[in-house]
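Worksheet: the structure to be examined is printed underneath.
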Amino acid sequence: MGGNIIQYTKYREKALIIKIFINIVVVFILSLAGMLYSAETEIADYRSYLKRFTTPLLTGETLWVSPQLFVELSAGDSIEFNVESKKEGFWNIRLEYQILSNQVLPPEVSITINGKLPFKGAQSIPLIQYWIYSDLNFPKNRYGDEIVPGQNIAKSTISFTLRNPTGIDKHPLWFKIDVPNTTINLTLQSGKILLKRVYLEQPVNPKSYIIPASDYTQSLRKPIVIQAEKPYLKSEPSINAIAIRSPEVVPYTTYNLLLNAFGGDNWKQPGQSVSYIFDVPEDGYYKIALKYLQNSRPNFTSYRTVYVDDKMLYRDLIEVPFEYSQNWKIRTLKSADKSQDLLFYLTKGTHKISLEVNASMYSDALYKLKSIINYINELSLQIKYITGGKFDKNVEWEIRDYFPDIESELETLIKEIDDIKKSILETNGNALNSEYVSLNLAQMLLKRLVSDVNKIPNRLEVLTGSTGSVLSELSSVYSGLQQMPLVLDEIYIYQGKSIDRIIKVSPLTIFLEGFKRFFNSFVPTKYSDYRNAQSENAVVLKVWVNRSRQYVDILQQLIDKEFTPKTGIYVDVSIMRDEGKLILANAAKKSPDVALSISNWIPFEMGIRGAALDLRRFSDFVDVSKNFYPGSLLPYLYEEHCYGLPETLDFYVLFYRKDITDYLGINIPTTWDDVKLILPELQRNGMNFYIPLGGSTSFKAWMTTAPFIMQYHGKLFTADGLKTAIDNPSTLKAFKEMTELFTMYGMPAQVANFFESFRKGEIPIGVGNLSTYVQLTIAAPELRGLWNMAPSPGVKYNGTIERWQTGSAQAVAILNDTKYPMEAWEFVKWWLSKETQMNFVNQVVSTYGIEFLTIPSNRYAIDGLPLRFSDLEVVKEQFKWLQEVPKMPASYILEREISNIWNKVVLEGRPLRVAVDDSVQVINKEFARKLEEFGYYKDGEPVRPFKIYSLNDIMKWYKDTVNK
């Protein structure tokens, strides 16, 4: 019996060992298969893609040319080519096309080779589109100053070789072509083009300059002068002519601003180009000189690539340096060693010269920097994973147990930074620029961390902090090396002796010019528009605008150019620094006719006091109101009146770090239940989720609290509008959700700056707005391609996710004491029309950059926004769920008490029901007091109901209008 038991036990042990062995083998095979599958399916970045194969050749050959196509492609359309080749290799793809769309951002294409994306980035490659000024005789504003004219997309055929959108590579994008057949699929992601032909080719390797053997001593009597402020073509609408008030610049006048130069800080990003045309009188050799100024980046050299007739004639023109200087210089294009002026053989007739911003001399340094930044981000992520994101100085870590090679890896980073410094020193010629200083600081910080790696978990701020850290310094360098500002005044085509020199004006001349302008400032000026208005006895509307000078200048230009000639109504636009002046002006009977860009609560408050005009009095009001999202109209409605219209919107969408969500295997949430599911994984790694309720301010405005109430179908007012209904079950459910996310699920209750936390990876996912979008686009170049957007989370009802968010930003109102109500209404309709809003937004962005972007309230103007196609689709989807909170005279107390409820529950630990009951009493008491002022209560008793508007009411307007 005992022997049988022993035998049975041995048998069980053997079976167990075999089972464990089989499991290990199975796990190993599955892991290996997973690794192989991952390696095969993972798309490499472009740099890694190139490293897999031999170095591409610069032969100048053409492998394949498509037949003439003339195919119109709209967003989503594809075209496929089958390329036969007898030899494999790398080739560039060149397209001939014509732009048919009218959007600020250029069309984008995606390329697949044999059904697969060859590398990351191939799914979104921007084409180039050229812009032209509508009038090179620059128009003048009412003050006599020249202004940037309108811009149009050039409709001529463009020949463009696909490039990396970063613009830092030395060559266009390479695509591997196999033998015997390769299928290339081209899909247009955005915009509209007429595709004419496709080429597969390799670029020519240009030769260095050699002095021509033939006679080149011809002497042109007078140089051919090109005014740089009047380009033939430019690659972006935001690179523009600028006004410099200095006698050193041509042309110049004492009393008015002239657009007399080109570029500056708006012409500094890699790939931005400008072209000029000129005529030469006879065949011969010519020199080309440029009058330039580069004084915005001390001790830094800007570079341009120069093309003549769209060709790279000499290798010496690939990286043309323009050194830092406080003075204007005239510099002839020279050989690489600067020993000789370059000579260009030009035939009689018209020629073109193009200058393109080039940062490719720092290509290797930039890729190294990007690699280091990625490593630091990943290391920080892994350390947070180990520590749970909690840093306690009393806890000692043996970091080598987790990262055995951390010291050697950090030492490697220090050496790589040394290589980058050498590259900057060789290219730039000095070590005094800010990038070199930042690299020194980053290196010093890394050396401190290497000296005691076990302290890194508790000193992670030194590695990845928002300011003064290794990551922030390297990010600053990564951005700085790509910025190449340059101002051009004139271009000279000449023969004979060099005209190089420094341009200087005597101090006496500068003093006299300044004195004349000072004296002239005391002379009263009557602007031409007002002289015309007075002579015609025409209407002059006074419009106050609560925006900065940049917006107001462009608004006035549009009015003078489009509105006044069309209607005969003159408009005097003034900047309103403080919205409070509207109330003071109304009391003094000196109100403007129209107020623009005011806060969305002001029209209602003015309207109920008789200071704003009811817009529903106009017969076409309902038709005009259909141009807006219905939910954006709610704040302006009162007793069958509408006292304003939305002017701009804001969006609240989900931002997420793709690199971190992919690393953690987190799905992008679509509902608040999904958010709760991912919170433990985020918090386990020392991260979290952000919603605007967790902002740094204690007052929680409607845009932070109302979305939850609307998504849970909560109510704010009773049916008669005289009391609050925040104690009803649906609203309580919303309060429970918005507080438990913080008290039970651990969302951060106070986030000082979501952008900075997002950038550092502390909060890699959260709800943000337009401001967050602009910051990520402009101020976080190291995150380019690492973040994305999605509609904000919501609540699912019957299979539909309701994502209600507020979104009204600024408003328009007509003042009640205007003498010209019909004219003011005509102006408001023109201003809020689709065409005007699109023109205004695009002109602001093209003149000042994406940081000045605003979202127009006209729903049909949204399609014209200068956003990436994928981002625009997210914004449009979110706007379907736009709903503002309806107003009533005591709305302020309701907003304040809901904020207090959240603060009491989350920050003070009070029970939710107790906090709500306390606030209900406070709100109802204030409602009664305030509504008595407007006749809804008398002696503390309700007299008549107060109408609270909803989306259904607005939709009924539309329906009734159709029935009529």
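Chain labels run A, B, ... following the order of the structure tokens; each chain numbers its residues from 1, and ligands are numbered from 1 in the order shown.
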
Write out as a list of chain:residue names the residues lying within 6 Å of range 841-857 of chain A, counting only C-alpha atoms and excluding same-chain residues fewer than 3 positions away.
A:Pro237, A:Ser238, A:Pro646, A:Glu647, A:Thr648, A:Leu649, A:Val774, A:Met838

Hey, what's within 8 Å of Thr743 in chain A if we count only C-alpha atoms and toss same-chain stuff fewer than 4 positions away? As a short mmCIF file (atom, residue, chain, number, x, y, z; two decimals) with N, CA, C and O atoms, in the first residue's frame, please?
```cif
data_model
loop_
_atom_site.label_atom_id
_atom_site.label_comp_id
_atom_site.auth_asym_id
_atom_site.auth_seq_id
_atom_site.Cartn_x
_atom_site.Cartn_y
_atom_site.Cartn_z
N THR A 739 -17.96 64.48 -8.10
CA THR A 739 -17.20 64.53 -6.84
C THR A 739 -16.47 63.21 -6.57
O THR A 739 -15.33 63.21 -6.12
N MET A 747 -8.69 61.34 -8.85
CA MET A 747 -8.25 62.38 -9.80
C MET A 747 -7.65 63.55 -9.02
O MET A 747 -8.10 63.84 -7.91
N VAL A 906 -15.37 67.68 -2.00
CA VAL A 906 -14.05 67.18 -2.40
C VAL A 906 -12.95 67.66 -1.46
O VAL A 906 -12.09 66.89 -1.05
#
```

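With only C-alpha atoms as the atoms that count, the minimum distance from Pro603 in chain A to the choices A:Ser619, A:Ser101, A:Thr254, A:Gln810 is reached by A:Gln810.
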
Write out as a PyMOL selection string each polymer residue whose atoms come within 12 Å of Pro457 in chain A, counting only C-alpha atoms; drop sequence neighbours fewer than 4 positions from it.
chain A and resi 379-400+402-403+449+452-453+461-464+686

So that I have them on file, write out the residues from the current selection with C-alpha atoms, as a PDB file, in the first residue's frame.
```pdb
ATOM      1  CA  LEU A 379      13.141  56.271 -18.327  1.00  0.00           C
ATOM      2  CA  SER A 380      10.916  58.647 -16.384  1.00  0.00           C
ATOM      3  CA  LEU A 381       7.885  56.529 -17.269  1.00  0.00           C
ATOM      4  CA  GLN A 382       9.591  53.343 -16.082  1.00  0.00           C
ATOM      5  CA  ILE A 383      10.758  54.939 -12.826  1.00  0.00           C
ATOM      6  CA  LYS A 384       7.232  56.165 -12.132  1.00  0.00           C
ATOM      7  CA  TYR A 385       5.994  52.649 -12.837  1.00  0.00           C
ATOM      8  CA  ILE A 386       8.371  51.235 -10.220  1.00  0.00           C
ATOM      9  CA  THR A 387       7.828  53.902  -7.587  1.00  0.00           C
ATOM     10  CA  GLY A 388       4.118  54.343  -8.193  1.00  0.00           C
ATOM     11  CA  GLY A 389       4.809  58.005  -8.775  1.00  0.00           C
ATOM     12  CA  LYS A 390       5.393  58.625  -5.065  1.00  0.00           C
ATOM     13  CA  PHE A 391       8.668  60.268  -4.184  1.00  0.00           C
ATOM     14  CA  ASP A 392       9.734  60.048  -0.572  1.00  0.00           C
ATOM     15  CA  LYS A 393      13.178  61.316   0.404  1.00  0.00           C
ATOM     16  CA  ASN A 394      13.196  58.907   3.333  1.00  0.00           C
ATOM     17  CA  VAL A 395      12.955  55.930   0.981  1.00  0.00           C
ATOM     18  CA  GLU A 396      16.254  54.682  -0.442  1.00  0.00           C
ATOM     19  CA  TRP A 397      16.252  52.988  -3.814  1.00  0.00           C
ATOM     20  CA  GLU A 398      18.649  50.489  -5.337  1.00  0.00           C
ATOM     21  CA  ILE A 399      17.934  51.667  -8.843  1.00  0.00           C
ATOM     22  CA  ARG A 400      20.566  49.368 -10.388  1.00  0.00           C
ATOM     23  CA  TYR A 402      15.846  47.681 -11.935  1.00  0.00           C
ATOM     24  CA  PHE A 403      18.171  49.349 -14.448  1.00  0.00           C
ATOM     25  CA  LEU A 449      22.384  62.351 -11.527  1.00  0.00           C
ATOM     26  CA  ASP A 452      24.400  58.935  -7.391  1.00  0.00           C
ATOM     27  CA  VAL A 453      21.896  57.093  -9.551  1.00  0.00           C
ATOM     28  CA  GLU A 461      12.144  66.731 -11.302  1.00  0.00           C
ATOM     29  CA  VAL A 462      15.787  67.355 -12.234  1.00  0.00           C
ATOM     30  CA  LEU A 463      15.386  64.915 -15.106  1.00  0.00           C
ATOM     31  CA  THR A 464      11.936  65.825 -16.438  1.00  0.00           C
ATOM     32  CA  GLY A 686       2.309  57.665 -10.896  1.00  0.00           C
TER      33      GLY A 686
END
```

Any idea what's packed within 10 Å of Thr427 in chain A, counting only C-alpha atoms, ignoring anything in its chain fewer than 5 positions away? Could you give it as a ChimeraX atom specification?
/A:300-301,321,361-362,421-422

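Comparing A:Leu290, A:Leu776, A:Leu770, A:Ile184 by their smallest distance to Gln227 in chain A, the closest is A:Leu290 (using only C-alpha atoms).
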
With distances taken over only C-alpha atoms, which residue among A:Lys834, A:Lys455, A:Arg142, A:Lys887 lies nearest Gln557 in chain A?
A:Arg142
